[in-house]
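Here is target_32.cif, consisting of mmCIF, C-alpha atoms:
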data_protein
loop_
_atom_site.label_atom_id
_atom_site.label_comp_id
_atom_site.auth_asym_id
_atom_site.auth_seq_id
_atom_site.Cartn_x
_atom_site.Cartn_y
_atom_site.Cartn_z
CA MET A 27 0.99 29.63 -38.14
CA LYS A 28 1.34 29.17 -41.90
CA THR A 29 4.02 26.54 -41.34
CA LEU A 30 1.75 24.58 -39.00
CA PHE A 31 -1.18 24.86 -41.44
CA TYR A 32 0.79 23.55 -44.44
CA SER A 33 2.28 20.78 -42.32
CA ALA A 34 -1.18 19.60 -41.29
CA LEU A 35 -2.47 19.83 -44.86
CA MET A 36 0.41 17.72 -46.24
CA SER A 37 -0.10 15.11 -43.52
CA ALA A 38 -3.77 14.76 -44.48
CA CYS A 39 -2.90 14.38 -48.15
CA LEU A 40 -0.39 11.64 -47.39
CA LEU A 41 -2.86 9.44 -45.44
CA PRO A 42 -3.30 5.91 -46.93
CA VAL A 43 -5.89 5.72 -49.67
CA MET A 44 -7.89 3.17 -47.59
CA ALA A 45 -8.71 5.89 -45.07
CA ALA A 46 -11.61 6.95 -47.32
CA PRO A 47 -13.81 4.95 -49.70
CA ALA A 48 -12.87 5.11 -53.36
CA VAL A 49 -15.07 7.36 -55.43
CA GLY A 50 -17.79 5.46 -57.25
CA LYS A 51 -17.48 2.32 -55.14
CA ALA A 52 -19.89 1.33 -52.37
CA ARG A 53 -18.42 0.60 -49.00
CA ALA A 54 -18.55 -3.03 -47.98
CA VAL A 55 -21.25 -3.69 -45.39
CA ASP A 56 -21.42 -6.80 -43.28
CA PRO A 57 -24.66 -8.64 -44.15
CA VAL A 58 -27.28 -8.80 -41.43
CA PRO A 59 -28.09 -12.48 -40.86
CA ALA A 60 -31.69 -13.36 -41.64
CA LYS A 61 -33.80 -14.87 -38.91
CA ALA A 62 -33.39 -18.60 -39.28
CA LEU A 63 -36.59 -20.62 -39.42
CA PRO A 64 -36.59 -23.92 -37.57
CA ALA A 65 -36.29 -27.00 -39.75
CA LYS A 66 -39.48 -28.37 -38.19
CA GLY A 67 -42.50 -26.61 -36.79
CA ASP A 68 -43.80 -26.80 -33.24
CA PRO A 69 -47.05 -28.84 -33.03
CA ALA A 70 -48.05 -27.25 -29.71
CA LEU A 71 -47.79 -23.74 -31.15
CA GLY A 72 -49.40 -25.01 -34.32
CA ARG A 73 -52.55 -26.05 -32.46
CA GLU A 74 -53.07 -22.50 -31.22
CA LYS A 75 -52.23 -20.98 -34.59
CA ALA A 76 -54.51 -23.36 -36.50
CA ASP A 77 -57.34 -22.07 -34.34
CA SER A 78 -56.44 -18.38 -34.45
CA GLU A 79 -55.85 -18.47 -38.22
CA ARG A 80 -59.22 -20.25 -38.62
CA CYS A 81 -57.77 -23.35 -40.32
CA VAL A 82 -59.86 -25.65 -38.13
CA GLU A 83 -63.13 -24.14 -39.36
CA CYS A 84 -62.75 -25.97 -42.68
CA HIS A 85 -60.12 -28.62 -42.01
CA GLY A 86 -61.27 -29.70 -38.55
CA VAL A 87 -59.61 -29.63 -35.14
CA ASP A 88 -58.14 -33.08 -35.81
CA GLY A 89 -57.52 -32.42 -39.51
CA ASN A 90 -60.39 -34.65 -40.62
CA GLY A 91 -62.82 -31.93 -41.59
CA ALA A 92 -65.55 -30.21 -39.61
CA GLY A 93 -68.96 -28.65 -39.99
CA HIS A 94 -69.82 -27.62 -43.53
CA SER A 95 -66.71 -29.32 -44.93
CA ASN A 96 -68.35 -32.68 -44.21
CA GLY A 97 -71.74 -31.67 -45.57
CA PRO A 98 -73.09 -31.98 -49.11
CA GLU A 99 -70.84 -29.11 -50.21
CA GLY A 100 -67.77 -30.75 -48.69
CA LYS A 101 -64.69 -30.00 -50.76
CA PHE A 102 -62.02 -29.13 -48.21
CA ALA A 103 -58.91 -31.23 -47.86
CA LYS A 104 -58.31 -33.38 -44.83
CA LEU A 105 -54.89 -32.52 -43.41
CA ALA A 106 -54.45 -35.17 -40.70
CA GLY A 107 -51.13 -36.96 -41.13
CA GLN A 108 -50.19 -34.94 -44.22
CA HIS A 109 -46.52 -34.23 -45.02
CA PRO A 110 -45.56 -30.80 -43.57
CA ALA A 111 -43.34 -30.01 -46.58
CA TYR A 112 -46.28 -30.66 -48.92
CA LEU A 113 -48.53 -28.32 -46.92
CA LEU A 114 -45.90 -25.58 -46.92
CA LYS A 115 -45.49 -25.86 -50.70
CA GLN A 116 -49.24 -25.60 -51.26
CA ILE A 117 -49.44 -22.45 -49.13
CA ARG A 118 -46.61 -20.88 -51.11
CA ASP A 119 -48.32 -21.88 -54.37
CA PHE A 120 -51.60 -20.32 -53.23
CA ARG A 121 -49.72 -17.10 -52.43
CA SER A 122 -47.99 -16.93 -55.79
CA GLY A 123 -51.05 -17.94 -57.79
CA ALA A 124 -49.42 -21.17 -58.99
CA ARG A 125 -52.45 -22.85 -57.45
CA ALA A 126 -55.78 -21.10 -57.81
CA HIS A 127 -58.34 -20.83 -55.01
CA ASP A 128 -59.76 -17.44 -54.05
CA GLN A 129 -60.30 -18.16 -50.36
CA MET A 130 -57.02 -20.01 -49.82
CA GLN A 131 -55.03 -17.32 -51.62
CA ILE A 132 -56.34 -14.75 -49.14
CA MET A 133 -55.66 -17.03 -46.18
CA ALA A 134 -52.18 -18.02 -47.39
CA ARG A 135 -51.05 -14.42 -47.80
CA SER A 136 -51.99 -13.60 -44.22
CA VAL A 137 -49.87 -16.34 -42.61
CA SER A 138 -46.08 -16.32 -42.33
CA ASP A 139 -43.91 -19.29 -43.29
CA GLU A 140 -42.97 -19.70 -39.63
CA ASP A 141 -46.63 -19.97 -38.62
CA VAL A 142 -47.33 -22.35 -41.50
CA ARG A 143 -44.51 -24.63 -40.32
CA ASP A 144 -46.09 -24.82 -36.87
CA ILE A 145 -49.61 -25.37 -38.24
CA ALA A 146 -48.37 -28.04 -40.66
CA ALA A 147 -46.50 -29.78 -37.82
CA TYR A 148 -49.71 -29.83 -35.78
CA PHE A 149 -51.83 -31.41 -38.53
CA ALA A 150 -49.06 -33.85 -39.46
CA ASN A 151 -48.97 -34.95 -35.84
CA GLN A 152 -52.64 -36.01 -35.90
CA SER A 153 -53.79 -39.57 -36.57
CA GLY A 154 -53.97 -40.32 -40.30
CA MET A 155 -57.02 -39.46 -42.38
CA LYS A 156 -60.04 -41.52 -41.45
CA GLY A 157 -61.49 -43.27 -44.49
CA GLN A 158 -65.23 -43.18 -45.00
CA ASP A 159 -67.18 -46.39 -44.62
CA GLY A 160 -68.36 -48.04 -47.79
CA GLU A 161 -67.43 -50.60 -50.40
CA ARG A 162 -64.14 -49.88 -52.14
CA HIS A 163 -64.56 -49.38 -55.86
CA ALA A 164 -62.93 -52.20 -57.88
CA LEU A 165 -62.09 -49.99 -60.88
CA GLY A 166 -60.57 -47.34 -58.58
CA LYS A 167 -58.47 -49.97 -56.84
CA SER A 168 -57.25 -51.35 -60.16
CA LEU A 169 -56.31 -47.92 -61.53
CA PHE A 170 -54.57 -46.96 -58.29
CA GLU A 171 -52.53 -50.14 -58.02
CA SER A 172 -51.91 -51.05 -61.66
CA GLY A 173 -52.87 -48.09 -63.85
CA ASP A 174 -53.91 -48.77 -67.44
CA SER A 175 -50.98 -49.18 -69.82
CA ALA A 176 -53.25 -49.28 -72.87
CA ARG A 177 -54.29 -45.70 -72.16
CA GLY A 178 -50.94 -44.55 -70.78
CA ILE A 179 -52.23 -44.22 -67.22
CA ALA A 180 -49.50 -44.84 -64.66
CA ALA A 181 -50.27 -46.63 -61.40
CA CYS A 182 -50.89 -44.11 -58.61
CA ILE A 183 -49.26 -46.39 -56.05
CA GLY A 184 -45.81 -45.63 -57.48
CA CYS A 185 -45.88 -42.08 -56.12
CA HIS A 186 -48.54 -42.20 -53.40
CA GLY A 187 -47.57 -45.50 -51.81
CA ALA A 188 -49.54 -48.50 -50.64
CA LEU A 189 -53.11 -47.54 -49.75
CA GLY A 190 -52.23 -43.93 -50.61
CA LYS A 191 -50.36 -43.48 -47.35
CA GLY A 192 -47.25 -41.98 -48.93
CA VAL A 193 -43.73 -43.08 -49.83
CA ALA A 194 -40.79 -42.62 -47.46
CA GLY A 195 -38.66 -39.67 -48.50
CA SER A 196 -41.24 -38.31 -50.95
CA THR A 197 -42.52 -35.41 -48.88
CA LEU A 198 -43.88 -33.31 -51.76
CA THR A 199 -46.24 -36.10 -52.87
CA PRO A 200 -49.35 -36.00 -50.68
CA VAL A 201 -50.97 -38.69 -48.59
CA ILE A 202 -54.34 -39.33 -50.25
CA GLY A 203 -55.67 -42.53 -48.67
CA GLY A 204 -58.76 -41.60 -46.66
CA GLN A 205 -59.01 -38.12 -48.21
CA GLU A 206 -62.46 -36.48 -48.58
CA TRP A 207 -64.00 -37.92 -51.77
CA ARG A 208 -65.50 -34.66 -53.05
CA TYR A 209 -62.10 -33.02 -52.66
CA LEU A 210 -60.37 -35.88 -54.50
CA ASP A 211 -62.95 -35.79 -57.29
CA LYS A 212 -62.52 -32.03 -57.78
CA GLN A 213 -58.72 -32.12 -57.72
CA LEU A 214 -58.54 -34.89 -60.30
CA ARG A 215 -60.90 -32.97 -62.58
CA ASP A 216 -58.88 -29.78 -62.08
CA TRP A 217 -55.63 -31.60 -62.95
CA ARG A 218 -57.27 -33.00 -66.07
CA SER A 219 -58.66 -29.66 -67.24
CA GLY A 220 -55.47 -27.73 -66.48
CA GLU A 221 -57.16 -25.64 -63.80
CA ARG A 222 -54.58 -27.06 -61.39
CA ARG A 223 -51.02 -27.50 -62.61
CA ASN A 224 -48.65 -27.10 -59.67
CA SER A 225 -47.24 -30.62 -59.62
CA PRO A 226 -43.45 -30.32 -59.16
CA ASP A 227 -42.69 -32.41 -62.26
CA GLY A 228 -45.95 -31.96 -64.16
CA ALA A 229 -46.77 -35.64 -63.65
CA MET A 230 -50.34 -35.14 -62.45
CA SER A 231 -51.30 -33.05 -65.47
CA GLN A 232 -49.98 -35.79 -67.76
CA ILE A 233 -51.45 -38.77 -65.90
CA THR A 234 -54.99 -37.36 -65.65
CA LYS A 235 -55.32 -36.41 -69.33
CA THR A 236 -56.91 -39.70 -70.33
CA LEU A 237 -58.99 -40.31 -67.20
CA SER A 238 -62.72 -40.47 -67.89
CA ASP A 239 -65.36 -39.13 -65.51
CA ALA A 240 -66.04 -42.73 -64.47
CA ASP A 241 -62.33 -43.27 -63.75
CA ILE A 242 -62.18 -40.18 -61.56
CA GLU A 243 -65.31 -41.12 -59.63
CA ALA A 244 -63.95 -44.64 -59.11
CA LEU A 245 -60.56 -43.37 -57.86
CA ALA A 246 -62.18 -40.85 -55.51
CA ASN A 247 -64.53 -43.52 -54.19
CA TYR A 248 -61.76 -46.05 -53.63
CA LEU A 249 -59.25 -43.66 -52.03
CA SER A 250 -61.77 -42.01 -49.72
CA GLY A 251 -62.70 -45.40 -48.31
CA ILE A 252 -59.15 -46.44 -47.34
#
Have the structure of the file written as structure tokens, please.
Amino acid sequence: MKTLFYSALMSACLLPVMAAPAVGKARAVDPVPAKALPAKGDPALGREKADSERCVECHGVDGNGAGHSNGPEGKFAKLAGQHPAYLLKQIRDFRSGARAHDQMQIMARSVSDEDVRDIAAYFANQSGMKGQDGERHALGKSLFESGDSARGIAACIGCHGALGKGVAGSTLTPVIGGQEWRYLDKQLRDWRSGERRNSPDGAMSQITKTLSDADIEALANYLSGI
């Protein structure tokens, strides 16, 4: 019996070192693949999610605003025809606090990226923002198209495209032609004051520094009417 015991013991001691993990080293574990999100959202699912997540209450079923957002207190963005990538970035910025807004921060933290992709695809799929009737402001048009070199104000058209309808390939720069004027007015003032500062390259904070109140009102008036 002793001979058999020692024979078994020696065999165990002579097993290759790889039979057991080395002391002090973690065993390699195959990574579990993360659930891949689709490159583009599903507009059909997005319609249902926009309703269930209560997006349409402020932004409208067609993305052009609804109810109190079109009233005298209107300050909610129109989302119709907006770039999905831009919308997704704004939601992530609301979550992180890079963009401040109490209500939107709460809403953004309750919606997953996958749901946001679908909701963004739905709003992007709607007809573009409907401009409000009214005479387009000459000063706003001039600032948008040509800027003011004497004051270091760059032309908005360079980033936002003709009539504010966007530039091909520039998906993080929003469509602003036809946007709600109260919303435009507030955002421009927030960029100027530093309340908002989540532009990818900081351009908006720089451009708005020298805008006067009259400039901002003129730009908001002009853009909202496109």
Original post:
Any chance you could work out the residue set of the PyMOL selection byres ((chain A and resi 166-177) around 7) here, as a list in words?
Top reply: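 On this input, the PyMOL selection byres ((chain A and resi 166-177) around 7) captures His163, Ala164, Leu165, Gly178, Ile179, Ala180, Ala181, Cys182, Ile183, Thr236, Asp241, Ala244, Leu245 and Tyr248 of chain A.
Put simply, CA of Lys66 (chain A) is 29.6 Å away from CA of Trp207 (chain A).
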Subject >> Pick from A:Val137, A:Ser250, A:Ile233, A:Gln158 nearest to Leu189 (chain A), counting all atoms listed in the file >> reply: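 Looking at the shortest contact to Leu189 (chain A), the residue is A:Ser250.
Excluding Ser231 (chain A) itself and same-chain residues fewer than 6 positions from it, the residues having an atom within 9 Å of it are Asp216, Trp217, Arg218, Ser219, Gly220, Arg222, Arg223, Asn224 and Ser225 of chain A, counting only C-alpha atoms.
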**OP:** May I have the protein, DNA and RNA residues with any atom at most 7 Å from the point (-50.1, -29.6, -42.3), counting all atoms listed in the file, written as a ChimeraX atom specification?
**Re:** /A:105,108-110,113,145-150
**OP:** Can you turn the PyMOL selection byres ((chain A and resi 203) around 7) into a concrete residue list for this file, as a list of chain:residue names?
**Re:**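 For this structure, the PyMOL selection byres ((chain A and resi 203) around 7) resolves to A:Leu189, A:Gly190, A:Lys191, A:Val201, A:Ile202, A:Gly204, A:Gln205, A:Leu249, A:Ser250, A:Ile252.
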Go ahead and dump the residues you just picked, C-alpha atoms, as a compact mmCIF listing (two decimals), in the coordinates of the input.
# COMPACT_ATOMS: atom_id res chain seq x y z
CA LEU A 189 -53.11 -47.54 -49.75
CA GLY A 190 -52.23 -43.93 -50.61
CA LYS A 191 -50.36 -43.48 -47.35
CA VAL A 201 -50.97 -38.69 -48.59
CA ILE A 202 -54.34 -39.33 -50.25
CA GLY A 204 -58.76 -41.60 -46.66
CA GLN A 205 -59.01 -38.12 -48.21
CA LEU A 249 -59.25 -43.66 -52.03
CA SER A 250 -61.77 -42.01 -49.72
CA ILE A 252 -59.15 -46.44 -47.34
Please write as a PDB file with C-alpha atoms, in the frame of the given file the full residue list that the PyMOL selection byres ((chain A and resi 106) around 8) yields on this file.
ATOM      1  CA  ASP A  88     -58.140 -33.080 -35.810  1.00  0.00           C
ATOM      2  CA  GLY A  89     -57.520 -32.420 -39.510  1.00  0.00           C
ATOM      3  CA  ASN A  90     -60.390 -34.650 -40.620  1.00  0.00           C
ATOM      4  CA  LYS A 104     -58.310 -33.380 -44.830  1.00  0.00           C
ATOM      5  CA  LEU A 105     -54.890 -32.520 -43.410  1.00  0.00           C
ATOM      6  CA  GLY A 107     -51.130 -36.960 -41.130  1.00  0.00           C
ATOM      7  CA  GLN A 108     -50.190 -34.940 -44.220  1.00  0.00           C
ATOM      8  CA  PHE A 149     -51.830 -31.410 -38.530  1.00  0.00           C
ATOM      9  CA  ALA A 150     -49.060 -33.850 -39.460  1.00  0.00           C
ATOM     10  CA  ASN A 151     -48.970 -34.950 -35.840  1.00  0.00           C
ATOM     11  CA  GLN A 152     -52.640 -36.010 -35.900  1.00  0.00           C
ATOM     12  CA  SER A 153     -53.790 -39.570 -36.570  1.00  0.00           C
ATOM     13  CA  GLY A 154     -53.970 -40.320 -40.300  1.00  0.00           C
ATOM     14  CA  MET A 155     -57.020 -39.460 -42.380  1.00  0.00           C
TER      15      MET A 155
END
**OP:** Please tell me which residues are no farther than 9 Å from (-60.7, -32.1, -46.5) in the file, counting all atoms listed in the file, and write them as a list in words.
**Re:**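 I get Cys84, His85, Gly86, Gly89, Asn90, Gly91, Ala92, Ser95, Asn96, Gly100, Lys101, Phe102, Ala103, Lys104, Leu105, Gln205, Glu206, Trp207, Arg208, Tyr209 and Leu210 of chain A for the residues within 9 Å of that point.
Take CA of Tyr112 (chain A) and CA of Gly187 (chain A): the distance between them is 15.2 Å.
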**OP:** Just give me the gap between CA of Arg143 (chain A) and CA of Phe120 (chain A) in Å, one decimal is fine.
**Re:**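 Interatomic distance, CA of Arg143 (chain A) to CA of Phe120 (chain A): 15.3 Å.
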**OP:** May I ask which of the residues A:Arg118, A:Pro226, A:Arg125, A:Glu74 is the closest one to Ser196 (chain A), counting all atoms listed in the file?
**Re:** A:Pro226
**OP:** Using only C-alpha atoms, find the one residue out of A:Gln116, A:Ser78, A:Thr234, A:Gln129 that sits nearest to Pro200 (chain A).
**Re:**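 Distance minimum relative to Pro200 (chain A) lands on A:Gln116.
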Subject >> Nearest to Asp77 (chain A), chosen from A:Met130, A:Asp141, A:Leu214, A:Ala124, with all atoms listed in the file counted in the distances >> reply: A:Asp141
Subject >> Nearest candidate to Lys115 (chain A) (options A:Val193, A:Ala134, A:Leu71, A:Ile242; using all atoms listed in the file) >> reply: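 With all atoms listed in the file as the atom set, the closest residue is A:Ala134.
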